[in-house]
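Data first, discussion second: the structure below is written as C-alpha cells.
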Amino acid sequence: LRIEAGLGRYGHEFNETVDPYTAGLADRLHFEHDFLGRQAVEPLRDKPHSRMIAGLRITAPEGPPPIARQGTAVLRPDGSEAGVVTSGTFSPTLEASIALATLAADTTAVGTELRVQLPDQTLPAHICETPFVGRS
C-alpha cells in the first residue's frame, strides 16, 4: 500500500500549488543536474517552510479503527487547526488507522500529539516516521 510506504500521490499530497519541499520530495531534487522546473524550486531551497507532509497514526477505540479520509481536519491539543489529512487508510500490516497530512511545520516532529476530527468523533493521533512500514 502506498500510504504504508509513505508515498504521496498527485492530487493528494502534491499538485501544482505544493512545492517539492512541502511535499517531502526535496531528496529527489538533484541540483548538480539541470531539470525542468529548477528555476522555480531553487529559490525555495534554503527558505523555511510553513507546511509539511507528515505521517499520522490514529489511536482508535475498541472495534474497527475509523479512517481519516482526505479533507479531515487535524487539530492541535488546544483545538486549533494544525492541518488536513491528504490520504488515509487502514494499515493491514500495523492493524491501525494511518494517514498522511499537510500540517503546520511546528507540529511535524515525530511523537507530536494531535487529534483528527472525524464526522462523529475526535480521535487522538501522533506524528510518526514514514514510511510507516519498512521493506524487508
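Starting from 1 in every chain, residues are counted up; chains themselves are A, B, ... following the order of the C-alpha cells, and ligands are numbered from 1 as listed.
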
task: Please report, as a PyMOL selection string, each residue of chain A to which DSSP assigns strand (DSSP E) when run on this structure's backbone.
output: chain A and resi 51-58+73-75+81-91+96-104+113-117+122-128

- prompt: Got a sec: who's within 7 Å of segment 77-89 of chain A, counting only C-alpha atoms, leaving out chain neighbours fewer than 4 positions off, as a PyMOL selection string?
  reply: chain A and resi 12-13+67-73+97-104+114-115

task: Quick one: pull the distance between atom CA of Arg76 of chain A and atom CA of Ala60 of chain A, Å, one decimal.
output: 17.3 Å

task: One decimal, Å: what's the distance from atom CA of Met52 of chain A over to atom CA of Glu32 of chain A, could you say?
output: 24.4 Å

task: Go through A:Leu25, A:Thr93, A:Leu123, A:Arg9 one by one, measure the shortest atom-to-atom distance of each to Thr59 of chain A using only C-alpha atoms, and give the residue with the smallest value.
output: A:Leu123

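Proximity to His49 of chain A at 9 Å, evaluated using only C-alpha atoms and with sequence-adjacent residues fewer than 6 positions away removed, yields Tyr21, Thr22, Ala104 and Ala105 of chain A.
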
Output file for the selection above: C-alpha atoms, as a PDB file, in the first residue's frame:
ATOM      1  CA  TYR A  21       9.840  20.786  -0.092  1.00  0.00           C
ATOM      2  CA  THR A  22       6.342  20.898   1.405  1.00  0.00           C
ATOM      3  CA  ALA A 104       1.951  23.342  10.145  1.00  0.00           C
ATOM      4  CA  ALA A 105       5.720  22.773  10.241  1.00  0.00           C
TER       5      ALA A 105
END

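Every protein or nucleic acid residue with an atom no more than 12 Å from Thr130 of chain A, counting only C-alpha atoms and leaving out same-chain residues fewer than 6 positions away, appears here: Arg2, Ile3, Glu4, Ala5, Gly6, Leu7, Gly8, Gly24, Ile53, Ala54, Gly55, Leu56, Arg57, Ile98, Ala99, Leu100, Ala101, Thr108, Ala109 and Val110 of chain A.
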
- prompt: Please, which residues of chain A, numbered as in this document, come out alpha helix (DSSP H) from DSSP, as a ChimeraX atom specification?
  reply: /A:38-41

Using only C-alpha atoms: which of A:Lys47, A:Ile58, A:Cys128, A:Val41 has the shortest distance to Val74 of chain A: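 The closest residue to Val74 of chain A is A:Ile58.
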
- prompt: What lies within 12 Å of Glu16 of chain A using only C-alpha atoms, ignoring chain neighbours under 6 positions off, as a PyMOL selection string?
  reply: chain A and resi 10+22-23+37+40

Using all heavy atoms, can you export the residues from the last selection as a compact mmCIF listing (two decimals), in the first residue's frame?
# COMPACT_ATOMS: atom_id res chain seq x y z
N TYR A 10 -0.20 12.29 -6.62
CA TYR A 10 -0.58 13.55 -7.23
C TYR A 10 -2.08 13.78 -7.02
O TYR A 10 -2.89 12.89 -7.22
CB TYR A 10 -0.26 13.56 -8.73
CG TYR A 10 -0.51 14.90 -9.35
CD1 TYR A 10 0.44 15.91 -9.23
CD2 TYR A 10 -1.70 15.19 -9.99
CE1 TYR A 10 0.20 17.17 -9.76
CE2 TYR A 10 -1.95 16.44 -10.53
CZ TYR A 10 -0.99 17.42 -10.40
OH TYR A 10 -1.22 18.66 -10.91
N THR A 22 7.55 21.13 0.61
CA THR A 22 6.34 20.90 1.41
C THR A 22 5.87 19.45 1.24
O THR A 22 5.44 18.82 2.19
CB THR A 22 5.22 21.87 0.98
OG1 THR A 22 5.69 23.20 1.18
CG2 THR A 22 3.95 21.65 1.78
N ALA A 23 5.99 18.92 0.03
CA ALA A 23 5.52 17.57 -0.26
C ALA A 23 6.47 16.48 0.23
O ALA A 23 6.18 15.30 0.11
CB ALA A 23 5.30 17.41 -1.76
N GLY A 37 11.92 22.89 -14.29
CA GLY A 37 11.39 23.46 -13.05
C GLY A 37 12.45 23.89 -12.05
O GLY A 37 12.13 24.42 -10.99
N ALA A 40 12.31 27.41 -10.75
CA ALA A 40 11.18 27.69 -9.86
C ALA A 40 11.43 27.19 -8.44
O ALA A 40 11.03 27.82 -7.48
CB ALA A 40 9.91 27.05 -10.41

query: What lies within 12 Å of His30 of chain A using only C-alpha atoms, ignoring chain neighbours under 4 positions off, as a PyMOL selection string?
result: chain A and resi 20+25-26+34-38+41-42+45
